[in-house]
>>> print(open('model01.txt').read())   # compact mmCIF, C-alpha atoms and all ligand atoms
# COMPACT_ATOMS: atom_id res chain seq x y z
CA MET A 15 17.99 -3.27 -20.71
CA SER A 16 17.34 -0.64 -18.07
CA LEU A 17 15.01 -2.85 -16.01
CA SER A 18 17.61 -5.53 -15.30
CA ILE A 19 18.22 -4.43 -11.68
CA PHE A 20 14.49 -4.89 -10.99
CA ASN A 21 14.53 -8.40 -12.41
CA LYS A 22 17.70 -9.30 -10.56
CA LEU A 23 17.14 -7.70 -7.17
CA GLU A 24 13.47 -7.04 -6.62
CA SER A 25 11.25 -9.75 -5.17
CA GLU A 26 8.92 -11.76 -7.37
CA VAL A 27 6.10 -9.99 -5.56
CA ARG A 28 6.45 -6.98 -7.88
CA GLY A 29 3.30 -6.42 -9.88
CA TYR A 30 2.58 -3.31 -11.95
CA ILE A 31 6.10 -3.26 -13.43
CA ARG A 32 5.17 -6.44 -15.27
CA SER A 33 2.22 -4.78 -17.01
CA PHE A 34 4.12 -1.56 -17.74
CA PRO A 35 7.74 -2.64 -18.29
CA VAL A 36 9.40 0.71 -18.94
CA LEU A 37 11.48 3.03 -16.75
CA PHE A 38 9.38 6.03 -15.80
CA THR A 39 11.33 9.22 -15.26
CA LYS A 40 8.83 12.06 -15.12
CA ALA A 41 5.17 12.75 -14.39
CA LYS A 42 2.95 15.81 -14.64
CA GLY A 43 -0.81 16.15 -14.51
CA ALA A 44 -2.39 13.17 -16.27
CA GLN A 45 0.81 12.08 -18.01
CA LEU A 46 3.90 9.97 -17.41
CA TRP A 47 7.11 9.83 -19.42
CA ASP A 48 9.68 7.08 -19.73
CA GLU A 49 13.45 7.29 -20.12
CA ASN A 50 13.13 7.58 -23.90
CA ASP A 51 10.71 10.51 -23.56
CA ASN A 52 7.71 8.48 -24.65
CA GLY A 53 4.56 9.98 -23.16
CA TYR A 54 1.74 7.98 -21.57
CA ILE A 55 -1.74 9.03 -20.56
CA ASP A 56 -2.28 7.86 -16.99
CA PHE A 57 -5.56 5.97 -16.60
CA LEU A 58 -4.22 4.22 -13.47
CA SER A 59 -3.58 7.21 -11.20
CA GLY A 60 -1.71 5.18 -8.62
CA ALA A 61 -4.80 2.97 -8.22
CA GLY A 62 -6.79 6.04 -7.21
CA THR A 63 -4.06 7.88 -5.28
CA LEU A 64 -3.51 10.63 -7.84
CA ASN A 65 -7.00 12.08 -8.21
CA TYR A 66 -5.46 15.54 -8.59
CA GLY A 67 -2.80 14.33 -11.04
CA HIS A 68 0.97 14.15 -10.73
CA ASN A 69 2.86 17.10 -9.27
CA HIS A 70 0.00 19.57 -9.21
CA PRO A 71 1.81 22.95 -9.24
CA ASP A 72 -0.07 24.44 -6.26
CA LEU A 73 0.48 21.35 -4.12
CA GLN A 74 4.11 21.21 -5.20
CA ASP A 75 4.60 24.86 -4.17
CA ALA A 76 2.98 24.21 -0.80
CA ALA A 77 5.18 21.16 -0.16
CA LEU A 78 8.39 22.88 -1.28
CA SER A 79 7.83 26.01 0.76
CA TYR A 80 6.95 23.93 3.85
CA ILE A 81 10.20 21.98 3.50
CA LYS A 82 12.20 25.17 2.88
CA SER A 83 10.75 26.77 6.01
CA ASP A 84 12.03 23.88 8.14
CA GLY A 85 8.47 22.83 8.94
CA VAL A 86 8.15 19.70 11.11
CA ILE A 87 8.16 16.72 8.73
CA HIS A 88 7.73 13.84 11.16
CA GLY A 89 5.72 14.41 14.31
CA LEU A 90 4.23 11.12 15.59
CA ASP A 91 0.98 12.45 17.07
CA MET A 92 2.44 15.53 18.68
CA ALA A 93 0.62 18.79 18.05
CA THR A 94 2.08 20.54 15.02
CA GLU A 95 0.93 23.59 13.15
CA ALA A 96 0.51 21.63 9.90
CA LYS A 97 -1.76 19.11 11.63
CA LYS A 98 -3.76 21.86 13.34
CA ILE A 99 -4.37 23.65 10.04
CA PHE A 100 -5.32 20.38 8.32
CA MET A 101 -7.90 19.57 11.01
CA GLU A 102 -9.38 23.08 10.95
CA THR A 103 -9.61 22.97 7.15
CA PHE A 104 -11.06 19.45 7.01
CA ASP A 105 -13.63 20.38 9.62
CA SER A 106 -14.70 23.69 8.08
CA LEU A 107 -14.62 22.73 4.38
CA VAL A 108 -15.41 19.00 4.35
CA LEU A 109 -17.29 18.00 7.50
CA GLN A 110 -19.34 21.05 8.49
CA PRO A 111 -20.79 21.86 5.04
CA ARG A 112 -22.08 18.27 4.97
CA SER A 113 -23.38 18.47 8.56
CA MET A 114 -21.08 15.60 9.48
CA ASN A 115 -20.02 15.23 13.10
CA TYR A 116 -17.01 12.92 13.40
CA LYS A 117 -13.78 12.62 15.38
CA LEU A 118 -10.56 11.96 13.51
CA GLN A 119 -8.01 9.22 14.12
CA PHE A 120 -4.68 9.54 12.33
CA THR A 121 -3.40 6.01 11.76
CA GLY A 122 -0.27 4.69 10.10
CA PRO A 123 -0.32 6.17 6.60
CA THR A 124 -1.58 3.16 4.62
CA GLY A 125 -5.15 2.31 3.83
CA THR A 126 -4.82 -1.09 5.41
CA ASN A 127 -3.83 0.47 8.74
CA ALA A 128 -6.90 2.69 8.73
CA VAL A 129 -9.03 -0.41 8.08
CA GLU A 130 -7.30 -2.27 10.93
CA ALA A 131 -8.12 0.60 13.27
CA ALA A 132 -11.73 0.79 12.08
CA LEU A 133 -12.26 -2.95 12.61
CA LYS A 134 -10.61 -2.91 16.05
CA LEU A 135 -12.72 0.03 17.14
CA ALA A 136 -15.98 -1.51 15.94
CA ARG A 137 -15.18 -4.79 17.73
CA GLN A 138 -14.32 -2.93 20.94
CA VAL A 139 -17.48 -0.84 20.83
CA LYS A 140 -19.79 -3.81 20.29
CA GLY A 141 -17.79 -6.41 22.23
CA ARG A 142 -18.22 -8.90 19.38
CA SER A 143 -15.66 -10.35 16.98
CA ASN A 144 -17.60 -11.14 13.81
CA VAL A 145 -17.73 -8.63 10.96
CA ILE A 146 -19.62 -8.80 7.67
CA SER A 147 -17.66 -8.13 4.51
CA PHE A 148 -18.75 -8.54 0.90
CA THR A 149 -17.92 -10.75 -2.05
CA ASN A 150 -15.20 -9.12 -4.16
CA GLY A 151 -14.42 -6.63 -1.39
CA PHE A 152 -10.86 -5.35 -1.04
CA HIS A 153 -9.78 -3.70 2.19
CA GLY A 154 -6.02 -4.28 2.38
CA VAL A 155 -3.56 -7.10 2.94
CA SER A 156 -2.58 -7.02 6.64
CA GLY A 157 -4.10 -9.53 9.10
CA GLY A 158 -7.40 -7.96 10.07
CA SER A 159 -8.05 -6.17 6.79
CA LEU A 160 -6.98 -9.21 4.76
CA ALA A 161 -9.63 -11.26 6.55
CA THR A 162 -12.22 -8.87 5.04
CA THR A 163 -10.68 -9.07 1.53
CA GLY A 164 -12.33 -11.63 -0.74
CA ASN A 165 -9.72 -12.41 -3.41
CA SER A 166 -8.04 -15.79 -2.81
CA LYS A 167 -4.76 -14.57 -4.35
CA PHE A 168 -4.33 -12.28 -1.34
CA ARG A 169 -5.92 -14.59 1.23
CA GLU A 170 -3.75 -17.59 0.35
CA ALA A 171 -0.59 -15.53 0.93
CA ALA A 172 -1.48 -15.09 4.61
CA GLY A 173 -0.27 -18.51 5.73
CA VAL A 174 -2.69 -18.46 8.66
CA SER A 175 -6.43 -18.84 8.85
CA LEU A 176 -8.32 -15.60 8.46
CA GLY A 177 -11.31 -15.53 10.74
CA ASN A 178 -14.00 -13.50 12.43
CA VAL A 179 -15.49 -12.41 9.12
CA THR A 180 -18.67 -13.60 7.36
CA PHE A 181 -18.85 -12.85 3.63
CA MET A 182 -22.19 -11.80 2.24
CA PRO A 183 -23.25 -11.19 -1.39
CA TYR A 184 -22.67 -7.61 -2.59
CA CYS A 185 -25.32 -5.61 -4.43
CA GLY A 186 -26.22 -7.51 -7.60
CA TYR A 187 -23.95 -10.49 -6.86
CA PHE A 188 -26.65 -12.99 -7.82
CA GLY A 189 -28.00 -10.80 -10.62
CA ASP A 190 -31.06 -8.57 -10.51
CA SER A 191 -33.46 -11.23 -9.30
CA VAL A 192 -31.94 -11.74 -5.82
CA ASP A 193 -32.23 -8.98 -3.25
CA THR A 194 -29.08 -9.40 -1.19
CA ILE A 195 -30.30 -7.12 1.62
CA ASP A 196 -33.32 -9.39 2.13
CA TYR A 197 -30.96 -12.37 2.01
CA MET A 198 -28.78 -10.89 4.78
CA ASP A 199 -31.79 -9.86 6.81
CA THR A 200 -33.07 -13.43 6.74
CA LEU A 201 -29.73 -14.86 7.89
CA LEU A 202 -29.25 -12.26 10.62
CA THR A 203 -32.77 -12.73 11.95
CA ASP A 204 -32.62 -16.53 12.07
CA LYS A 205 -30.89 -17.53 15.32
CA SER A 206 -30.03 -20.87 13.70
CA SER A 207 -28.45 -19.50 10.52
CA GLY A 208 -24.97 -20.03 11.95
CA VAL A 209 -23.99 -16.40 11.45
CA ASP A 210 -22.55 -14.98 14.69
CA HIS A 211 -24.01 -11.58 15.50
CA PRO A 212 -21.59 -9.16 13.75
CA ALA A 213 -20.13 -6.03 15.35
CA ALA A 214 -20.05 -4.26 12.01
CA VAL A 215 -20.41 -4.35 8.25
CA ILE A 216 -17.55 -3.06 6.10
CA VAL A 217 -18.36 -1.99 2.55
CA GLU A 218 -17.03 -0.16 -0.51
CA THR A 219 -19.72 1.85 -2.32
CA VAL A 220 -17.92 1.03 -5.58
CA GLN A 221 -15.59 -1.95 -5.40
CA GLY A 222 -12.23 -0.83 -6.77
CA GLU A 223 -10.02 -3.89 -6.89
CA GLY A 224 -13.02 -6.21 -7.04
CA GLY A 225 -14.09 -5.16 -10.54
CA VAL A 226 -15.68 -1.68 -10.36
CA ASN A 227 -18.99 -3.00 -9.08
CA ALA A 228 -21.15 -0.09 -7.95
CA ALA A 229 -23.74 -0.63 -5.22
CA SER A 230 -26.95 1.26 -5.94
CA PHE A 231 -27.71 4.17 -3.63
CA GLU A 232 -30.95 2.40 -2.66
CA TRP A 233 -29.02 -0.72 -1.65
CA LEU A 234 -26.64 1.38 0.47
CA LYS A 235 -29.56 3.13 2.15
CA ARG A 236 -31.14 -0.23 2.95
CA LEU A 237 -27.80 -1.55 4.17
CA GLU A 238 -27.74 1.33 6.63
CA SER A 239 -31.22 0.35 7.87
CA LEU A 240 -30.15 -3.29 8.10
CA CYS A 241 -27.22 -2.25 10.30
CA LYS A 242 -29.53 -0.27 12.56
CA SER A 243 -32.10 -3.02 12.90
CA HIS A 244 -29.45 -5.64 13.73
CA ASP A 245 -27.33 -3.39 15.97
CA MET A 246 -24.25 -3.42 13.71
CA LEU A 247 -21.94 -0.52 12.94
CA LEU A 248 -21.65 0.58 9.31
CA ILE A 249 -18.06 1.08 8.15
CA VAL A 250 -17.66 2.64 4.70
CA ASP A 251 -14.19 2.01 3.30
CA ASP A 252 -13.85 5.12 1.13
CA ILE A 253 -10.14 4.69 0.52
CA GLN A 254 -10.49 4.33 -3.26
CA ALA A 255 -14.00 5.58 -4.04
CA GLY A 256 -13.69 8.65 -1.81
CA CYS A 257 -11.86 11.98 -2.25
CA GLY A 258 -13.98 12.93 -5.24
CA ARG A 259 -13.54 9.84 -7.41
CA THR A 260 -17.26 9.12 -7.86
CA GLY A 261 -18.32 12.77 -8.10
CA SER A 262 -18.65 13.89 -4.47
CA PHE A 263 -16.05 14.15 -1.70
CA PHE A 264 -17.43 11.06 0.06
CA SER A 265 -18.68 8.39 -2.29
CA PHE A 266 -21.81 7.77 -0.22
CA GLU A 267 -23.19 11.33 -0.31
CA GLY A 268 -25.68 10.46 -3.06
CA ALA A 269 -27.06 7.62 -0.94
CA ASN A 270 -27.78 10.03 1.90
CA ILE A 271 -26.39 7.70 4.55
CA SER A 272 -24.43 8.45 7.69
CA PRO A 273 -21.81 5.73 8.26
CA ASP A 274 -20.61 5.12 11.82
CA ILE A 275 -16.99 4.83 10.73
CA ILE A 276 -15.29 5.96 7.49
CA THR A 277 -11.78 5.17 6.26
CA LEU A 278 -9.88 7.49 3.91
CA SER A 279 -6.39 7.26 2.44
CA LYS A 280 -5.17 7.01 -1.20
CA SER A 281 -5.98 10.51 -2.61
CA LEU A 282 -6.39 12.21 0.77
CA SER A 283 -3.01 13.99 0.68
CA GLY A 284 -3.68 14.94 -2.95
CA TYR A 285 -0.04 14.61 -3.89
CA GLY A 286 0.55 10.88 -3.60
CA LEU A 287 2.04 11.24 -0.12
CA PRO A 288 1.11 8.55 2.41
CA MET A 289 -1.69 9.54 4.77
CA ALA A 290 -4.70 7.76 6.25
CA LEU A 291 -7.60 8.75 8.42
CA VAL A 292 -10.42 7.06 10.33
CA LEU A 293 -13.56 9.11 10.94
CA MET A 294 -15.77 7.92 13.78
CA LYS A 295 -19.01 9.16 15.30
CA PRO A 296 -17.93 10.88 18.55
CA GLU A 297 -19.77 8.43 20.84
CA LEU A 298 -17.78 5.52 19.33
CA ASP A 299 -14.43 6.95 20.42
CA VAL A 300 -13.71 4.36 23.12
CA TRP A 301 -9.97 4.15 22.37
CA ARG A 302 -7.60 3.94 25.35
CA VAL A 303 -4.64 6.31 25.06
CA GLY A 304 -2.13 4.96 22.53
CA ALA A 305 -3.97 1.67 22.00
CA HIS A 306 -3.47 1.92 18.25
CA ASN A 307 -0.40 3.72 16.97
CA GLY A 308 2.00 3.95 14.01
CA THR A 309 5.37 5.65 13.60
CA PHE A 310 4.32 7.50 10.47
CA ARG A 311 0.88 8.66 11.61
CA GLY A 312 2.20 12.22 11.68
CA ASN A 313 3.32 12.68 8.07
CA ASN A 314 3.15 16.47 8.24
CA LEU A 315 4.17 17.01 4.62
CA ALA A 316 1.05 15.05 3.66
CA PHE A 317 -1.04 17.22 6.01
CA VAL A 318 0.26 20.31 4.19
CA THR A 319 -0.68 19.04 0.72
CA ALA A 320 -3.99 17.62 2.02
CA THR A 321 -4.92 21.06 3.36
CA GLU A 322 -3.97 22.69 0.06
CA THR A 323 -5.99 20.09 -1.88
CA ILE A 324 -9.13 20.79 0.13
CA LYS A 325 -8.74 24.55 -0.25
CA LYS A 326 -8.08 24.28 -3.96
CA PHE A 327 -10.76 21.77 -4.98
CA TRP A 328 -13.43 21.56 -2.30
CA THR A 329 -14.56 25.10 -1.48
CA ASP A 330 -17.35 25.08 -4.07
CA LYS A 331 -19.15 22.63 -6.37
CA CYS A 332 -17.16 23.43 -9.57
CA PHE A 333 -14.71 20.59 -9.21
CA GLN A 334 -17.26 17.94 -8.37
CA GLU A 335 -19.46 19.06 -11.26
CA SER A 336 -16.47 18.63 -13.60
CA VAL A 337 -15.92 15.10 -12.24
CA LYS A 338 -19.56 14.22 -12.91
CA ARG A 339 -19.35 15.69 -16.41
CA LYS A 340 -16.17 13.79 -17.30
CA GLY A 341 -17.62 10.66 -15.72
CA THR A 342 -20.49 10.90 -18.18
CA ILE A 343 -18.06 11.25 -21.09
CA ILE A 344 -16.24 8.09 -19.98
CA GLU A 345 -19.45 6.18 -19.44
CA SER A 346 -20.91 7.05 -22.83
CA ARG A 347 -17.66 6.34 -24.68
CA LEU A 348 -17.37 2.93 -22.98
CA GLN A 349 -21.04 2.19 -23.64
CA ASN A 350 -20.45 3.11 -27.24
CA MET A 351 -17.53 0.66 -27.43
CA ALA A 352 -19.70 -2.07 -25.87
CA ASN A 353 -22.37 -1.42 -28.51
CA LEU A 354 -20.00 -1.15 -31.47
CA TYR A 355 -17.95 -4.24 -30.67
CA PRO A 356 -20.46 -6.92 -29.65
CA GLU A 357 -17.75 -9.55 -30.32
CA GLY A 358 -16.15 -8.43 -27.04
CA ASP A 359 -19.30 -9.18 -25.01
CA PHE A 360 -18.69 -6.02 -22.97
CA SER A 361 -20.66 -4.35 -20.22
CA VAL A 362 -20.02 -1.00 -18.53
CA ARG A 363 -19.97 -0.43 -14.79
CA GLY A 364 -19.02 2.10 -12.13
CA ARG A 365 -19.87 5.64 -11.04
CA GLY A 366 -18.37 9.08 -11.66
CA MET A 367 -14.78 8.77 -12.83
CA MET A 368 -14.48 5.23 -11.50
CA ARG A 369 -15.51 3.17 -14.51
CA GLY A 370 -14.96 -0.30 -15.83
CA LEU A 371 -15.36 -2.11 -19.13
CA ARG A 372 -16.04 -5.76 -18.41
CA SER A 373 -15.84 -8.63 -20.85
CA THR A 374 -16.87 -12.23 -20.34
CA ASN A 375 -13.43 -13.00 -21.79
CA PRO A 376 -10.63 -12.05 -19.33
CA GLU A 377 -7.91 -12.77 -21.89
CA LEU A 378 -9.40 -10.17 -24.21
CA VAL A 379 -9.30 -7.58 -21.42
CA HIS A 380 -5.70 -8.44 -20.64
CA ASN A 381 -4.78 -8.00 -24.30
CA ILE A 382 -6.65 -4.70 -24.56
CA ALA A 383 -4.72 -3.32 -21.56
CA ALA A 384 -1.44 -4.46 -23.10
CA ALA A 385 -2.29 -2.96 -26.51
CA ALA A 386 -3.46 0.27 -24.87
CA PHE A 387 -0.09 0.51 -23.15
CA GLU A 388 1.62 0.03 -26.51
CA GLY A 389 -0.56 2.88 -27.73
CA GLY A 390 0.49 5.08 -24.83
CA VAL A 391 -2.16 4.57 -22.13
CA VAL A 392 -1.40 3.17 -18.68
CA VAL A 393 -4.55 1.27 -17.63
CA GLU A 394 -5.03 -1.70 -15.32
CA THR A 395 -7.43 -4.59 -15.02
CA SER A 396 -9.39 -5.57 -11.93
CA GLY A 397 -11.98 -8.09 -10.81
CA SER A 398 -11.73 -11.68 -9.61
CA LYS A 399 -10.57 -12.88 -13.05
CA ASP A 400 -9.00 -9.56 -14.10
CA GLU A 401 -11.95 -9.34 -16.48
CA VAL A 402 -12.57 -5.61 -16.04
CA LEU A 403 -10.59 -2.80 -17.66
CA LYS A 404 -10.52 -0.18 -14.91
CA ILE A 405 -10.45 3.44 -16.04
CA LEU A 406 -9.16 5.69 -13.24
CA ALA A 407 -7.99 8.84 -14.99
CA PRO A 408 -6.88 11.71 -12.76
CA LEU A 409 -9.97 13.78 -11.98
CA VAL A 410 -8.16 16.87 -13.28
CA ILE A 411 -7.45 15.37 -16.71
CA PRO A 412 -8.17 17.83 -19.56
CA ASP A 413 -11.01 16.75 -21.87
CA ASP A 414 -8.76 16.34 -24.90
CA LEU A 415 -6.39 13.94 -23.14
CA LEU A 416 -9.33 12.02 -21.72
CA ARG A 417 -10.87 11.61 -25.17
CA LYS A 418 -7.51 10.72 -26.67
CA GLY A 419 -6.92 8.04 -24.04
CA LEU A 420 -10.38 6.58 -24.66
CA SER A 421 -9.77 6.57 -28.42
CA ILE A 422 -6.53 4.68 -27.88
CA ILE A 423 -8.46 2.10 -25.86
CA GLU A 424 -11.02 1.82 -28.63
CA ASP A 425 -8.26 1.36 -31.20
CA ALA A 426 -6.78 -1.32 -28.97
CA ILE A 427 -10.15 -3.11 -28.90
CA ALA A 428 -10.53 -2.91 -32.67
CA GLY A 429 -6.94 -4.07 -33.13
CA ILE A 430 -7.31 -7.05 -30.80
CA LEU A 431 -10.64 -8.07 -32.32
CA ASN A 432 -8.98 -7.66 -35.70
CA VAL A 433 -11.66 -5.34 -37.08
CA GLN A 434 -11.63 -1.78 -38.42
CA SER A 435 -12.35 0.98 -35.93
CA ARG A 436 -16.11 1.52 -36.13
CA THR A 437 -16.04 5.18 -35.10
CA ARG A 438 -13.20 6.48 -37.23
CA LYS A 439 -12.09 5.60 -40.75
CA ASN A 440 -8.44 5.18 -39.96
CA ILE A 441 -7.10 3.33 -36.99
CA ARG A 442 -4.32 5.48 -35.65
CA PRO A 443 -1.00 3.70 -35.37
CA LEU A 444 -0.88 2.14 -31.91
CA LYS A 445 2.77 2.85 -31.29
CA ARG A 446 2.95 5.54 -28.60
CA ALA A 447 -0.07 7.43 -29.84
CA GLY A 448 -0.43 8.92 -26.38
CA GLY A 449 2.95 10.54 -26.62
CA VAL A 450 2.87 14.24 -25.92
CA SER A 451 6.32 15.35 -24.92
C1 LIG B 501 -6.12 0.39 -1.65
C2 LIG B 501 -7.23 0.06 -0.74
C3 LIG B 501 -7.00 -0.34 0.59
C4 LIG B 501 -5.62 -0.57 1.13
O1 LIG B 501 -4.81 0.56 1.10
P1 LIG B 501 -3.22 0.35 1.20
O2 LIG B 501 -2.68 1.75 1.30
O3 LIG B 501 -2.79 -0.33 -0.06
O4 LIG B 501 -2.96 -0.46 2.40
C5 LIG B 501 -8.10 -0.56 1.40
N1 LIG B 501 -9.35 -0.41 0.95
C6 LIG B 501 -9.61 -0.03 -0.31
C7 LIG B 501 -11.03 0.16 -0.75
C8 LIG B 501 -8.56 0.20 -1.20
O5 LIG B 501 -8.83 0.53 -2.47
>>> encode(input="model01.txt", output="C-alpha cells", more="lines below")
Ligand SMILES: *Cc1c(COP(=O)(O)O)cnc(C)c1O
Amino acid sequence: MSLSIFNKLESEVRGYIRSFPVLFTKAKGAQLWDENDNGYIDFLSGAGTLNYGHNHPDLQDAALSYIKSDGVIHGLDMATEAKKIFMETFDSLVLQPRSMNYKLQFTGPTGTNAVEAALKLARQVKGRSNVISFTNGFHGVSGGSLATTGNSKFREAAGVSLGNVTFMPYCGYFGDSVDTIDYMDTLLTDKSSGVDHPAAVIVETVQGEGGVNAASFEWLKRLESLCKSHDMLLIVDDIQAGCGRTGSFFSFEGANISPDIITLSKSLSGYGLPMALVLMKPELDVWRVGAHNGTFRGNNLAFVTATETIKKFWTDKCFQESVKRKGTIIESRLQNMANLYPEGDFSVRGRGMMRGLRSTNPELVHNIAAAAFEGGVVVETSGSKDEVLKILAPLVIPDDLLRKGLSIIEDAIAGILNVQSRTRKNIRPLKRAGGVS
C-alpha cells in the first residue's frame, strides 16, 4: 500500500490524509489526480488557499520565469524588486480603488503569525491585554492566536492556560431572538460585568473552520459601532473569507465597514505559496524596529505570484461577478438538496463561494463526505461537531465541473439515506464519477 510510509513515519497529528487516503500525484485547476490516475474534483481548495485553482498557467509562468532569471527568492525584509512591485500593485489595484488607507506588515508566512502580529499590535496601541473573540472562531494554533480560537480540540493541545481573551456570542449564536451586539454592549457598559476593557475585537465575517457561519452585514456594521463606542480596535481576520472567496476581494466590503487591522494569508499568493500580511491604519503603526519578525517574511516567489494574481483577477469586476454567480448556483443546489431530502434535517449557510450544508446529525455529514470522496469529490467537514459539509471549490472552477461535483454530493446524500436520487432518475455509480483524466 503506497501510504505505508505515512502510517509508519508521520506523526499521529496528520489529519486530511485520513479523510482522503490516496496518494495525490498531480493537480490542475479544480482537479486532483492520484497515482492510479483517478480524477477528483477539489471542493477543499487547500482550506481556502487555492482560490485560483492548482497551477494556474499564468501564475506558473510568472513563477518559473522569476526562478529562471535568478530573482531573489528569500529576502528577509530587505528591499527587493519583487516586493516593490507587489506593494505598488496591491496599493494601486486593491487598496486605492476601495479608498483604503493602510500600511502593510509582512509577517512570517502563516496565517497564525499574521494574527499574532495583529493581536500584539492592538494590545500595544491600547495598552490593554484583553481581546474579544467569538464562539466558533478560528484564528490559528500558536499561543496568542490559539487563545482566540474556540474549538477545545485545539485549545486542549496547548498544555498551558490560554488567557487574555473573552469569548462573546457570534451573530446568531443564540438563534434569531437574541441580539448578540446588544448583549455585548450591556456587558461592556456594566463596570461590574467582570469583562476587562478589551483592546480589540477579532472576527471572521464568515467562520471557516467554525462551521461556515456568516455574520450579517448589519451585525458587522453594528460591531464596528460597538468597537468605536467602547474604544476597541476592530480586527477582521480575512485569512479564509478574503481574497475573493465571498464575492469581493475583502469579505467585509458589502458591510461597508473600515476595520482597524486586517489579516490576509491563505489565497493571497494565489498559487498556494506561503505568504501573510497585516494591514493596519497608518496611525496604529507603533511598532519598534524589528519587534516582530520571521525568517520567511520575505518569500519573494509568493510576492511574484501574488502580483500576477491581482493583475489577472482584480483589475475589473468580471471575476468577482463570476464568484457571486457561482455562489448562487451552489446555494440554490444545496438549498434544493435540503428541501428534497428532509430526512437529513439540513440547512444551508455561508456567502459567495464559501458555503456549508449543515445537518443536525454529524455522523450523516461525515458519511456524505466519505461517499463523495468515493464518488470523486474532495470535500471536508467543519463546525464544532464536524456537522457542516464545507464547499470551498476553487473560484475559477468551470460551471460544468461545479455542477458535476454538486451532483456527486447529492448522489452521496441519496446513497447514504438509502433513497433514490430525487432530481435524476438514475443514480450515477459513485465509484470515481468525478474522474476526468
Ligand atoms: C487558516 C486560518 C488561520 C491560520 O492560518 P495558518 O496559515 O494555518 O496558520 C487563521 N485564521 C483563519 C480565519 C483561518 O482560516
>>> residues_near_ligand(input="model01.txt", ligand="ligand LIG 501 (chain B)", cutoff="8 Å", atoms="only C-alpha atoms and all ligand atoms", output="PyMOL selection string")
chain A and resi 61-62+123-127+129+151-156+159+218+221-223+251-255+279-280+288
>>> write_last_selection(input="model01.txt", atoms="C-alpha atoms", output="compact mmCIF listing (two decimals), in the coordinates of the input")
# COMPACT_ATOMS: atom_id res chain seq x y z
CA ALA A 61 -4.80 2.97 -8.22
CA GLY A 62 -6.79 6.04 -7.21
CA PRO A 123 -0.32 6.17 6.60
CA THR A 124 -1.58 3.16 4.62
CA GLY A 125 -5.15 2.31 3.83
CA THR A 126 -4.82 -1.09 5.41
CA ASN A 127 -3.83 0.47 8.74
CA VAL A 129 -9.03 -0.41 8.08
CA GLY A 151 -14.42 -6.63 -1.39
CA PHE A 152 -10.86 -5.35 -1.04
CA HIS A 153 -9.78 -3.70 2.19
CA GLY A 154 -6.02 -4.28 2.38
CA VAL A 155 -3.56 -7.10 2.94
CA SER A 156 -2.58 -7.02 6.64
CA SER A 159 -8.05 -6.17 6.79
CA GLU A 218 -17.03 -0.16 -0.51
CA GLN A 221 -15.59 -1.95 -5.40
CA GLY A 222 -12.23 -0.83 -6.77
CA GLU A 223 -10.02 -3.89 -6.89
CA ASP A 251 -14.19 2.01 3.30
CA ASP A 252 -13.85 5.12 1.13
CA ILE A 253 -10.14 4.69 0.52
CA GLN A 254 -10.49 4.33 -3.26
CA ALA A 255 -14.00 5.58 -4.04
CA SER A 279 -6.39 7.26 2.44
CA LYS A 280 -5.17 7.01 -1.20
CA PRO A 288 1.11 8.55 2.41
>>> closest_residue(input="model01.txt", among="A:His306, A:Arg137, A:Arg112, A:Lys340", to="Leu409 in chain A", atoms="only C-alpha atoms")
A:Lys340
>>> axis_aligned_box(input="model01.txt", around="range 269-277 of chain A", padding_each_side="5 Å", output="AutoDock Vina command-line options")
--center_x -19.8 --center_y 7.4 --center_z 5.4 --size_x 26.0 --size_y 15.2 --size_z 22.8
>>> residues_around(input="model01.txt", residues="Ser346 in chain A", least_positions_apart="3", cutoff="12 Å", atoms="only C-alpha atoms", output="PyMOL selection string")
chain A and resi 339-343+349-354+361-367+369-371+417+420
>>> write_last_selection(input="model01.txt", atoms="C-alpha atoms", output="PDB file, keeping the file's coordinate frame")
ATOM      1  CA  ARG A 339     -19.350  15.690 -16.410  1.00  0.00           C
ATOM      2  CA  LYS A 340     -16.170  13.790 -17.300  1.00  0.00           C
ATOM      3  CA  GLY A 341     -17.620  10.660 -15.720  1.00  0.00           C
ATOM      4  CA  THR A 342     -20.490  10.900 -18.180  1.00  0.00           C
ATOM      5  CA  ILE A 343     -18.060  11.250 -21.090  1.00  0.00           C
ATOM      6  CA  GLN A 349     -21.040   2.190 -23.640  1.00  0.00           C
ATOM      7  CA  ASN A 350     -20.450   3.110 -27.240  1.00  0.00           C
ATOM      8  CA  MET A 351     -17.530   0.660 -27.430  1.00  0.00           C
ATOM      9  CA  ALA A 352     -19.700  -2.070 -25.870  1.00  0.00           C
ATOM     10  CA  ASN A 353     -22.370  -1.420 -28.510  1.00  0.00           C
ATOM     11  CA  LEU A 354     -20.000  -1.150 -31.470  1.00  0.00           C
ATOM     12  CA  SER A 361     -20.660  -4.350 -20.220  1.00  0.00           C
ATOM     13  CA  VAL A 362     -20.020  -1.000 -18.530  1.00  0.00           C
ATOM     14  CA  ARG A 363     -19.970  -0.430 -14.790  1.00  0.00           C
ATOM     15  CA  GLY A 364     -19.020   2.100 -12.130  1.00  0.00           C
ATOM     16  CA  ARG A 365     -19.870   5.640 -11.040  1.00  0.00           C
ATOM     17  CA  GLY A 366     -18.370   9.080 -11.660  1.00  0.00           C
ATOM     18  CA  MET A 367     -14.780   8.770 -12.830  1.00  0.00           C
ATOM     19  CA  ARG A 369     -15.510   3.170 -14.510  1.00  0.00           C
ATOM     20  CA  GLY A 370     -14.960  -0.300 -15.830  1.00  0.00           C
ATOM     21  CA  LEU A 371     -15.360  -2.110 -19.130  1.00  0.00           C
ATOM     22  CA  ARG A 417     -10.870  11.610 -25.170  1.00  0.00           C
ATOM     23  CA  LEU A 420     -10.380   6.580 -24.660  1.00  0.00           C
TER      24      LEU A 420
END
>>> closest_atom_pairs(input="model01.txt", of="range 116-149 of chain A", to="range 184-207 of chain A", cutoff="10 Å", atoms="all atoms listed in the file", output="JSON lines")
{"residue": "A:Ile146", "atom": "CA", "partner": "A:Met198", "partner_atom": "CA", "distance": 9.8}
{"residue": "A:Ser147", "atom": "CA", "partner": "A:Tyr184", "partner_atom": "CA", "distance": 8.7}
{"residue": "A:Phe148", "atom": "CA", "partner": "A:Tyr184", "partner_atom": "CA", "distance": 5.3}
{"residue": "A:Thr149", "atom": "CA", "partner": "A:Tyr184", "partner_atom": "CA", "distance": 5.7}
>>> write_last_selection(input="model01.txt", atoms="C-alpha atoms", output="compact mmCIF listing (two decimals), keeping the file's coordinate frame")
# COMPACT_ATOMS: atom_id res chain seq x y z
CA ILE A 146 -19.62 -8.80 7.67
CA SER A 147 -17.66 -8.13 4.51
CA PHE A 148 -18.75 -8.54 0.90
CA THR A 149 -17.92 -10.75 -2.05
